Amino acid sequence: SPLRPICDLRVLNHFIKEARDAEVVMKSCREGCSLSESVTVPQTRVEFDVWENKTALEQAQDVQSGLWLLQQALSSLRTSVTNTALHSHIDNSIRNLLSINAVLRSLNIQEYTPPASTAGLEGTWRVSSATDLLQIHVNFLRGKVRLLLLDAQACQQDVS
Amino acid sequence: ARGFEKKVSMLLKEEPENPKCFAEGRKDFTCFWVEDEERAGSVDQYTFTYTYQNENSSRCPLRALPAAGGKRLFVCHLNRTQMFVQMDIQVQRDRTLIHNRSLLIELVFLLDPPANVTASSTGQQGQLNVSWVPPPLKYMDDSMMYEVSYTTADSHMWQVEVAGASSELILRGLQPGTKYKVRVRVKLDGISYSGYWSAWSDPVFMET
Amino acid sequence: ARGFEKKVSMLLKEEPENPKCFAEGRKDFTCFWVEDEERAGSVDQYTFTYTYQNENSSRCPLRALPAAGGKRLFVCHLNRTQMFVQMDIQVQRDRTLIHNRSLLIELVFLLDPPANVTASSTGQQGQLNVSWVPPPLKYMDDSMMYEVSYTTADSHMWQVEVAGASSELILRGLQPGTKYKVRVRVKLDGISYSGYWSAWSDPVFMET
């Protein structure tokens with residue numbers, strides 16, 4: 001079935017606010033909330049000249065590989081965390097990442113094929129702190145994901 | 001529970017498809033259908049299967065409840081959901097498909113009515129200030145819309161005003177010195193989230 | 001230059017941390033701190049170092065400017081920036097750390113006030129239509145929010161209305177036949193981008 005394009009940035013804003021809630025809960029968590037091994041995360045930084053020099057496809061892949069990495073990293077966090085309040089926030093964040101992928105699909109952004117391993121991905125780095133991971137999650141959504149949605153071709157003609 | 005029964009009866013009227021489904025928040029989802037008590041099977045004869053696009057199928061456990069008019073209600077409730085992803089639903093009885101439906105959860109919100117509806121004077125003639133508390137749907141109050149309906153206390157000709165993402169509305173052009181009855185209902189605004197109109201709040205009364 | 005002085009004086013009042021920093025656009029970033037003229041060193045005694053997460057440190061060249069009240073202002077200005085990544089800032093005087101701060105540039109916007117503020121009649125009694133031109137910031141216009149403040153021309157009791165990403169607002173419930181003073185200020189809405197309220201625009205006057 002043809003999906004209607006989700007161009008409304010309030011949807012992303014809701015995901016950002018929930019990601020921020022997870023970050024806050026993590027900051028106040030004292031026990032059972034650490035990563036058992038380091039995880040690979042995407043770069044969140046945006047230098048506008050560099051971003052604008054990328055093609056739409058490069059921008060999309062940058063975002064999609066980042067979303068995929070965050071999904072892997074949060075799943076790994078989910079298994080090492082024992083704090084139940086955090087569990088529900090992490091579960092929710094993972095589901096929201098899947099929903100963001102669905103939003104990208106609705107904008108006709110080409111489907112992303114995840115690599116066999118995180119090793120070959122450019123510009124990634126590793127963190128071993130759960131707090132850092134959740135902060136990177138928020139910064140990635142606020143930055144690159146929002147920029148990609150703002151510029152999405154599918155939302156340019158349709159001003160609704 | 002009272003709210004659930006009301007929602008069931010509203011959807012039985014409004015939604016032709018089966019199972020009938022609704023979301024009350026960002027993390028819950030309920031589906032149900034009814035059968036005649038006489039012809040209905042026992043709950044373990046049925047399976048409710050849902051499949052998000054690109055994922056494996058899952059089962060939602062069913063409960064059976066007695067319902068008005070000699071009916072039996074079969075209910076499945078999920079407390080984790082995914083929005084913006086198509087969900088395919090299949091209901092089987094003894095391995096025979098009886099219901100089949102595809103939907104997007106973010107399009108089937110059915111909220112509780114706005115709470116704490118109050119009407120007060122604005123100090124200006126022929127005006128009433130109506131305010132309410134949006135349903136507690138975290139962060140989504142910016143995507144809700146409302147209908148405020150009002151009538152003089154002895155009439156049944158309701159007038160309707162529409163409000164966007166707001167929690168108050170000023171009614172203007174009312175008859176001075178008259179008692180009015182006011183009620184409010186809510187729904188998602190239809191841009192990214194959508195759904196059904198909630199039930200009307202209980203009416204409040206106020207003189208202009 | 002006039003705008004810069006205004007921003008300095010606003011941040012001196014509002015921001016307790018040092019150095020005080022702000023962004024005016026997508027590619028610029030300014031930090032400053034003040035010292036008493038008497039105790040301040042010469043500009044080359046100071047170094048301003050910044051480090052983005054996972055990168056090498058860089059130096060930002062400093063300028064010293066005389067400021068009001070016998071103060072000296074030390075200013076660093078960058079015209080390339082990275083957003084959505086933590087930046088650690090260190091200020092040293094003669095190799096001794098005097099200021100230390102971490103921030104995200106996209107969270108410290110301090111914009112110019114909205115331009116071309118106009119108030120006009122809507123044709124309805126007791127209403128004024130206020131419009132303005134948003135600051136020209138690519139990617140950020142739907143992340144801005146505004147405050148419109150208004151008062152009768154002879155009063156100093158300002159009323160405030162808040163507008164989302166918009167470039168106009170209708171003020172309602174005003175006194176008919178009265179001259180009003182209206183001004184507008186802007187800030188980023190706090191979700192992807194955040195910061196301080198801008199200065200108020202110069203007031204405009206309009207009769208209802």
# chains A, B, ... in the order shown; residues from 1 in each chain; ligands from 1
call {"tool": "residues_around", "arguments": {"residues": "Phe84 (chain B)", "least_positions_apart": "4", "cutoff": "12 Å", "atoms": "only C-alpha atoms", "output": "PyMOL selection string"}}
result
(chain A and resi 3-6+11-12+95-107) or (chain B and resi 26+52-53+103-108+192-194)
call {"tool": "select_by_dssp", "arguments": {"residues": "region 10-207 of chain B", "states": "alpha helix (DSSP H)", "output": "PyMOL selection string"}}
result
chain B and resi 10-14
call {"tool": "write_last_selection", "arguments": {"atoms": "all heavy atoms", "output": "PDB file, in the first residue's frame"}}
result
ATOM      1  N   MET B  10     -18.826   2.828  21.262  1.00  0.00           N
ATOM      2  CA  MET B  10     -18.633   3.807  20.191  1.00  0.00           C
ATOM      3  C   MET B  10     -18.078   3.140  18.922  1.00  0.00           C
ATOM      4  O   MET B  10     -18.537   3.406  17.808  1.00  0.00           O
ATOM      5  CB  MET B  10     -17.677   4.921  20.636  1.00  0.00           C
ATOM      6  CG  MET B  10     -18.298   5.867  21.648  1.00  0.00           C
ATOM      7  SD  MET B  10     -17.069   6.968  22.383  1.00  0.00           S
ATOM      8  CE  MET B  10     -16.662   7.983  20.960  1.00  0.00           C
ATOM      9  N   LEU B  11     -17.079   2.276  19.109  1.00  0.00           N
ATOM     10  CA  LEU B  11     -16.471   1.650  17.926  1.00  0.00           C
ATOM     11  C   LEU B  11     -17.416   0.651  17.273  1.00  0.00           C
ATOM     12  O   LEU B  11     -17.388   0.479  16.050  1.00  0.00           O
ATOM     13  CB  LEU B  11     -15.154   0.981  18.299  1.00  0.00           C
ATOM     14  CG  LEU B  11     -13.994   1.945  18.541  1.00  0.00           C
ATOM     15  CD1 LEU B  11     -12.698   1.182  18.740  1.00  0.00           C
ATOM     16  CD2 LEU B  11     -13.833   2.921  17.378  1.00  0.00           C
ATOM     17  N   LEU B  12     -18.251  -0.011  18.080  1.00  0.00           N
ATOM     18  CA  LEU B  12     -19.223  -0.931  17.475  1.00  0.00           C
ATOM     19  C   LEU B  12     -20.129  -0.176  16.522  1.00  0.00           C
ATOM     20  O   LEU B  12     -20.531  -0.692  15.485  1.00  0.00           O
ATOM     21  CB  LEU B  12     -20.036  -1.631  18.566  1.00  0.00           C
ATOM     22  CG  LEU B  12     -19.289  -2.746  19.323  1.00  0.00           C
ATOM     23  CD1 LEU B  12     -20.134  -3.297  20.467  1.00  0.00           C
ATOM     24  CD2 LEU B  12     -18.864  -3.877  18.378  1.00  0.00           C
ATOM     25  N   LYS B  13     -20.417   1.097  16.871  1.00  0.00           N
ATOM     26  CA  LYS B  13     -21.251   1.903  15.974  1.00  0.00           C
ATOM     27  C   LYS B  13     -20.484   2.433  14.774  1.00  0.00           C
ATOM     28  O   LYS B  13     -20.996   2.489  13.662  1.00  0.00           O
ATOM     29  CB  LYS B  13     -21.836   3.091  16.754  1.00  0.00           C
ATOM     30  CG  LYS B  13     -23.209   2.783  17.329  1.00  0.00           C
ATOM     31  CD  LYS B  13     -23.773   3.994  18.060  1.00  0.00           C
ATOM     32  CE  LYS B  13     -24.247   3.590  19.443  1.00  0.00           C
ATOM     33  NZ  LYS B  13     -24.018   4.580  20.475  1.00  0.00           N
ATOM     34  N   GLU B  14     -19.234   2.867  15.009  1.00  0.00           N
ATOM     35  CA  GLU B  14     -18.535   3.648  13.993  1.00  0.00           C
ATOM     36  C   GLU B  14     -17.626   2.875  13.067  1.00  0.00           C
ATOM     37  O   GLU B  14     -17.337   3.326  11.965  1.00  0.00           O
ATOM     38  CB  GLU B  14     -17.670   4.709  14.675  1.00  0.00           C
ATOM     39  CG  GLU B  14     -18.426   5.977  14.942  1.00  0.00           C
ATOM     40  CD  GLU B  14     -17.548   6.975  15.640  1.00  0.00           C
ATOM     41  OE1 GLU B  14     -16.469   7.279  15.097  1.00  0.00           O
ATOM     42  OE2 GLU B  14     -17.925   7.426  16.728  1.00  0.00           O
TER      43      GLU B  14
END
call {"tool": "closest_atom_pairs", "arguments": {"of": "chain B", "to": "chain A", "cutoff": "8 Å", "atoms": "only C-alpha atoms", "output": "tab-separated table"}}
result
residue	atom	partner	partner_atom	distance
B:Arg80	CA	A:Asn92	CA	7.8
B:Thr81	CA	A:Arg95	CA	7.4
B:Gln82	CA	A:Arg95	CA	5.8
B:Met83	CA	A:Ser99	CA	5.5
B:Phe84	CA	A:Ser99	CA	5.6
B:Val85	CA	A:Ala102	CA	5.6
B:Tyr139	CA	A:His14	CA	6.0
B:Met140	CA	A:His14	CA	7.1
B:Asp142	CA	A:Arg10	CA	7.9
B:Ser143	CA	A:Arg10	CA	7.9
B:Ile191	CA	A:Asp8	CA	7.2
B:Ser192	CA	A:Ile6	CA	6.3
call {"tool": "write_last_selection", "arguments": {"atoms": "C-alpha atoms", "output": "JSON list (two decimals), in the first residue's frame"}}
result
[["chain", "number", "residue", "atom", "x", "y", "z"],
["B", 80, "ARG", "CA", 4.23, -1.93, 23.46],
["B", 81, "THR", "CA", 3.62, -0.68, 19.97],
["B", 82, "GLN", "CA", 5.31, 0.65, 16.92],
["B", 83, "MET", "CA", 3.96, 3.61, 15.06],
["B", 84, "PHE", "CA", 4.22, 4.46, 11.35],
["B", 85, "VAL", "CA", 4.74, 0.81, 10.51],
["B", 139, "TYR", "CA", 4.04, 15.27, 24.39],
["B", 140, "MET", "CA", 1.16, 14.82, 21.96],
["B", 142, "ASP", "CA", 0.39, 19.70, 20.23],
["B", 143, "SER", "CA", -1.30, 17.31, 17.79],
["B", 191, "ILE", "CA", -1.81, 15.45, 10.17],
["B", 192, "SER", "CA", 0.41, 12.62, 11.38]]
call {"tool": "atom_distance", "arguments": {"atom1": "CA of Val162 (chain B)", "atom2": "CA of Pro113 (chain B)"}}
result
14.9 Å
call {"tool": "interface_residues", "arguments": {"of": "chain B", "to": "chain C", "cutoff": "12 Å", "atoms": "only C-alpha atoms", "output": "list in words"}}
result
Thr122, Gly123, Gln124, Gln125, Gln127, Tyr139, Asp142, Ala165, Ile170 and Arg172 of chain B
call {"tool": "write_last_selection", "arguments": {"atoms": "N, CA and C atoms", "output": "CSV table (one decimal), in the first residue's frame"}}
result
chain,number,residue,atom,x,y,z
B,122,THR,N,-15.9,35.9,30.7
B,122,THR,CA,-14.7,36.6,30.3
B,122,THR,C,-14.8,38.1,30.8
B,123,GLY,N,-15.9,38.5,31.3
B,123,GLY,CA,-16.1,39.9,31.7
B,123,GLY,C,-16.7,40.7,30.6
B,124,GLN,N,-16.7,40.1,29.4
B,124,GLN,CA,-17.4,40.7,28.2
B,124,GLN,C,-18.8,40.1,28.0
B,125,GLN,N,-19.7,41.0,27.6
B,125,GLN,CA,-21.0,40.5,27.4
B,125,GLN,C,-21.1,39.4,26.2
B,127,GLN,N,-20.1,36.4,26.2
B,127,GLN,CA,-19.0,35.5,26.0
B,127,GLN,C,-18.8,34.6,27.1
B,139,TYR,N,3.4,14.6,25.5
B,139,TYR,CA,4.0,15.3,24.4
B,139,TYR,C,3.1,15.4,23.2
B,142,ASP,N,0.3,18.8,21.4
B,142,ASP,CA,0.4,19.7,20.2
B,142,ASP,C,-0.2,19.2,19.0
B,165,ALA,N,-4.7,22.9,18.8
B,165,ALA,CA,-4.0,22.4,19.9
B,165,ALA,C,-4.0,23.5,21.0
B,170,ILE,N,-12.8,30.8,23.6
B,170,ILE,CA,-13.8,31.8,24.0
B,170,ILE,C,-15.0,31.7,23.1
B,172,ARG,N,-18.3,33.3,21.6
B,172,ARG,CA,-18.7,34.7,21.5
B,172,ARG,C,-20.1,34.7,20.9
call {"tool": "residues_around", "arguments": {"residues": "region 86-92 of chain B", "least_positions_apart": "6", "cutoff": "6 Å", "atoms": "only C-alpha atoms", "output": "PyMOL selection string"}}
result
chain B and resi 46-53+98-104
call {"tool": "write_last_selection", "arguments": {"atoms": "N, CA and C atoms", "output": "PDB file, in the first residue's frame"}}
result
ATOM      1  N   TYR B  46      -9.435 -19.387  19.747  1.00  0.00           N
ATOM      2  CA  TYR B  46      -9.082 -18.267  18.878  1.00  0.00           C
ATOM      3  C   TYR B  46      -7.603 -17.915  18.996  1.00  0.00           C
ATOM      4  N   THR B  47      -7.029 -17.466  17.902  1.00  0.00           N
ATOM      5  CA  THR B  47      -5.689 -16.874  17.984  1.00  0.00           C
ATOM      6  C   THR B  47      -5.713 -15.517  17.293  1.00  0.00           C
ATOM      7  N   PHE B  48      -5.004 -14.581  17.918  1.00  0.00           N
ATOM      8  CA  PHE B  48      -4.877 -13.224  17.389  1.00  0.00           C
ATOM      9  C   PHE B  48      -3.401 -13.042  17.044  1.00  0.00           C
ATOM     10  N   THR B  49      -3.107 -12.880  15.772  1.00  0.00           N
ATOM     11  CA  THR B  49      -1.718 -12.757  15.317  1.00  0.00           C
ATOM     12  C   THR B  49      -1.521 -11.390  14.677  1.00  0.00           C
ATOM     13  N   TYR B  50      -0.421 -10.733  15.029  1.00  0.00           N
ATOM     14  CA  TYR B  50      -0.133  -9.443  14.357  1.00  0.00           C
ATOM     15  C   TYR B  50       1.297  -9.470  13.837  1.00  0.00           C
ATOM     16  N   THR B  51       1.512  -8.757  12.739  1.00  0.00           N
ATOM     17  CA  THR B  51       2.809  -8.754  12.075  1.00  0.00           C
ATOM     18  C   THR B  51       3.120  -7.334  11.622  1.00  0.00           C
ATOM     19  N   TYR B  52       4.193  -6.770  12.183  1.00  0.00           N
ATOM     20  CA  TYR B  52       4.661  -5.487  11.652  1.00  0.00           C
ATOM     21  C   TYR B  52       5.452  -5.761  10.396  1.00  0.00           C
ATOM     22  N   GLN B  53       5.340  -4.844   9.454  1.00  0.00           N
ATOM     23  CA  GLN B  53       6.098  -4.951   8.218  1.00  0.00           C
ATOM     24  C   GLN B  53       7.574  -5.260   8.531  1.00  0.00           C
ATOM     25  N   ILE B  98     -10.933 -15.809  10.457  1.00  0.00           N
ATOM     26  CA  ILE B  98     -12.250 -15.171  10.531  1.00  0.00           C
ATOM     27  C   ILE B  98     -12.183 -13.648  10.391  1.00  0.00           C
ATOM     28  N   HIS B  99     -11.056 -13.037  10.778  1.00  0.00           N
ATOM     29  CA  HIS B  99     -10.908 -11.592  10.557  1.00  0.00           C
ATOM     30  C   HIS B  99      -9.497 -11.293  10.072  1.00  0.00           C
ATOM     31  N   ASN B 100      -9.382 -10.230   9.316  1.00  0.00           N
ATOM     32  CA  ASN B 100      -8.160  -9.926   8.604  1.00  0.00           C
ATOM     33  C   ASN B 100      -8.140  -8.426   8.398  1.00  0.00           C
ATOM     34  N   ARG B 101      -7.111  -7.750   8.895  1.00  0.00           N
ATOM     35  CA  ARG B 101      -7.138  -6.297   8.781  1.00  0.00           C
ATOM     36  C   ARG B 101      -5.717  -5.744   8.821  1.00  0.00           C
ATOM     37  N   SER B 102      -5.465  -4.671   8.063  1.00  0.00           N
ATOM     38  CA  SER B 102      -4.173  -3.992   8.127  1.00  0.00           C
ATOM     39  C   SER B 102      -4.412  -2.569   8.585  1.00  0.00           C
ATOM     40  N   LEU B 103      -3.534  -2.071   9.453  1.00  0.00           N
ATOM     41  CA  LEU B 103      -3.731  -0.703   9.923  1.00  0.00           C
ATOM     42  C   LEU B 103      -2.410  -0.107  10.347  1.00  0.00           C
ATOM     43  N   LEU B 104      -2.452   1.204  10.604  1.00  0.00           N
ATOM     44  CA  LEU B 104      -1.329   1.915  11.197  1.00  0.00           C
ATOM     45  C   LEU B 104      -1.818   2.391  12.570  1.00  0.00           C
TER      46      LEU B 104
END
call {"tool": "residues_around", "arguments": {"residues": "Lys7 (chain B)", "least_positions_apart": "3", "cutoff": "12 Å", "atoms": "only C-alpha atoms", "output": "list in words"}}
result
Ala1, Arg2, Gly3, Phe4, Met10, Leu11, Leu12, Lys13, Glu14, Glu15, Lys20, Cys21, Phe22, Ala23, Glu24, Thr30, Cys31, Phe32, Phe109, Leu110, Leu111, Asp112, Pro113, Tyr196, Trp197, Ser198, Ala199 and Trp200 of chain B
call {"tool": "atom_distance", "arguments": {"atom1": "CA of Gln175 (chain C)", "atom2": "CA of Ser149 (chain C)"}}
result
15.3 Å
call {"tool": "residues_around", "arguments": {"residues": "Ala56 (chain A)", "least_positions_apart": "3", "cutoff": "10 Å", "atoms": "only C-alpha atoms", "output": "ChimeraX atom specification"}}
result
/A:51-53,59-62,109,148,151-153
call {"tool": "write_last_selection", "arguments": {"atoms": "N, CA, C and O atoms", "output": "PDB file, in the first residue's frame"}}
result
ATOM      1  N   TRP A  51      27.752  19.025   5.385  1.00  0.00           N
ATOM      2  CA  TRP A  51      26.461  18.365   5.205  1.00  0.00           C
ATOM      3  C   TRP A  51      25.834  18.726   3.865  1.00  0.00           C
ATOM      4  O   TRP A  51      25.321  17.880   3.139  1.00  0.00           O
ATOM      5  N   GLU A  52      25.903  20.013   3.515  1.00  0.00           N
ATOM      6  CA  GLU A  52      25.257  20.479   2.288  1.00  0.00           C
ATOM      7  C   GLU A  52      25.998  20.024   1.036  1.00  0.00           C
ATOM      8  O   GLU A  52      25.431  20.004  -0.048  1.00  0.00           O
ATOM      9  N   ASN A  53      27.266  19.662   1.196  1.00  0.00           N
ATOM     10  CA  ASN A  53      28.020  19.163   0.054  1.00  0.00           C
ATOM     11  C   ASN A  53      27.764  17.695  -0.245  1.00  0.00           C
ATOM     12  O   ASN A  53      28.227  17.172  -1.246  1.00  0.00           O
ATOM     13  N   GLN A  59      23.444  11.702   2.378  1.00  0.00           N
ATOM     14  CA  GLN A  59      22.819  12.148   3.631  1.00  0.00           C
ATOM     15  C   GLN A  59      21.919  11.063   4.197  1.00  0.00           C
ATOM     16  O   GLN A  59      21.947  10.766   5.397  1.00  0.00           O
ATOM     17  N   ALA A  60      21.120  10.455   3.317  1.00  0.00           N
ATOM     18  CA  ALA A  60      20.196   9.416   3.766  1.00  0.00           C
ATOM     19  C   ALA A  60      20.961   8.234   4.350  1.00  0.00           C
ATOM     20  O   ALA A  60      20.602   7.704   5.401  1.00  0.00           O
ATOM     21  N   GLN A  61      22.038   7.844   3.677  1.00  0.00           N
ATOM     22  CA  GLN A  61      22.794   6.690   4.175  1.00  0.00           C
ATOM     23  C   GLN A  61      23.497   6.993   5.481  1.00  0.00           C
ATOM     24  O   GLN A  61      23.607   6.135   6.360  1.00  0.00           O
ATOM     25  N   ASP A  62      23.978   8.220   5.607  1.00  0.00           N
ATOM     26  CA  ASP A  62      24.593   8.656   6.857  1.00  0.00           C
ATOM     27  C   ASP A  62      23.576   8.489   8.003  1.00  0.00           C
ATOM     28  O   ASP A  62      23.876   7.914   9.056  1.00  0.00           O
ATOM     29  N   ILE A 109      12.541   7.345   0.898  1.00  0.00           N
ATOM     30  CA  ILE A 109      13.992   7.317   0.999  1.00  0.00           C
ATOM     31  C   ILE A 109      14.419   5.860   0.853  1.00  0.00           C
ATOM     32  O   ILE A 109      13.859   4.969   1.497  1.00  0.00           O
ATOM     33  N   LEU A 148      17.656  15.663   7.698  1.00  0.00           N
ATOM     34  CA  LEU A 148      17.231  14.812   6.584  1.00  0.00           C
ATOM     35  C   LEU A 148      15.729  14.962   6.327  1.00  0.00           C
ATOM     36  O   LEU A 148      15.285  15.095   5.193  1.00  0.00           O
ATOM     37  N   ASP A 151      14.708  18.298   4.626  1.00  0.00           N
ATOM     38  CA  ASP A 151      15.037  18.438   3.216  1.00  0.00           C
ATOM     39  C   ASP A 151      14.393  17.383   2.335  1.00  0.00           C
ATOM     40  O   ASP A 151      14.612  17.373   1.136  1.00  0.00           O
ATOM     41  N   ALA A 152      13.624  16.481   2.939  1.00  0.00           N
ATOM     42  CA  ALA A 152      13.107  15.344   2.180  1.00  0.00           C
ATOM     43  C   ALA A 152      12.327  15.804   0.953  1.00  0.00           C
ATOM     44  O   ALA A 152      11.438  16.650   1.048  1.00  0.00           O
ATOM     45  N   GLN A 153      12.692  15.235  -0.192  1.00  0.00           N
ATOM     46  CA  GLN A 153      12.054  15.584  -1.448  1.00  0.00           C
ATOM     47  C   GLN A 153      10.536  15.388  -1.393  1.00  0.00           C
ATOM     48  O   GLN A 153       9.785  16.220  -1.867  1.00  0.00           O
TER      49      GLN A 153
END
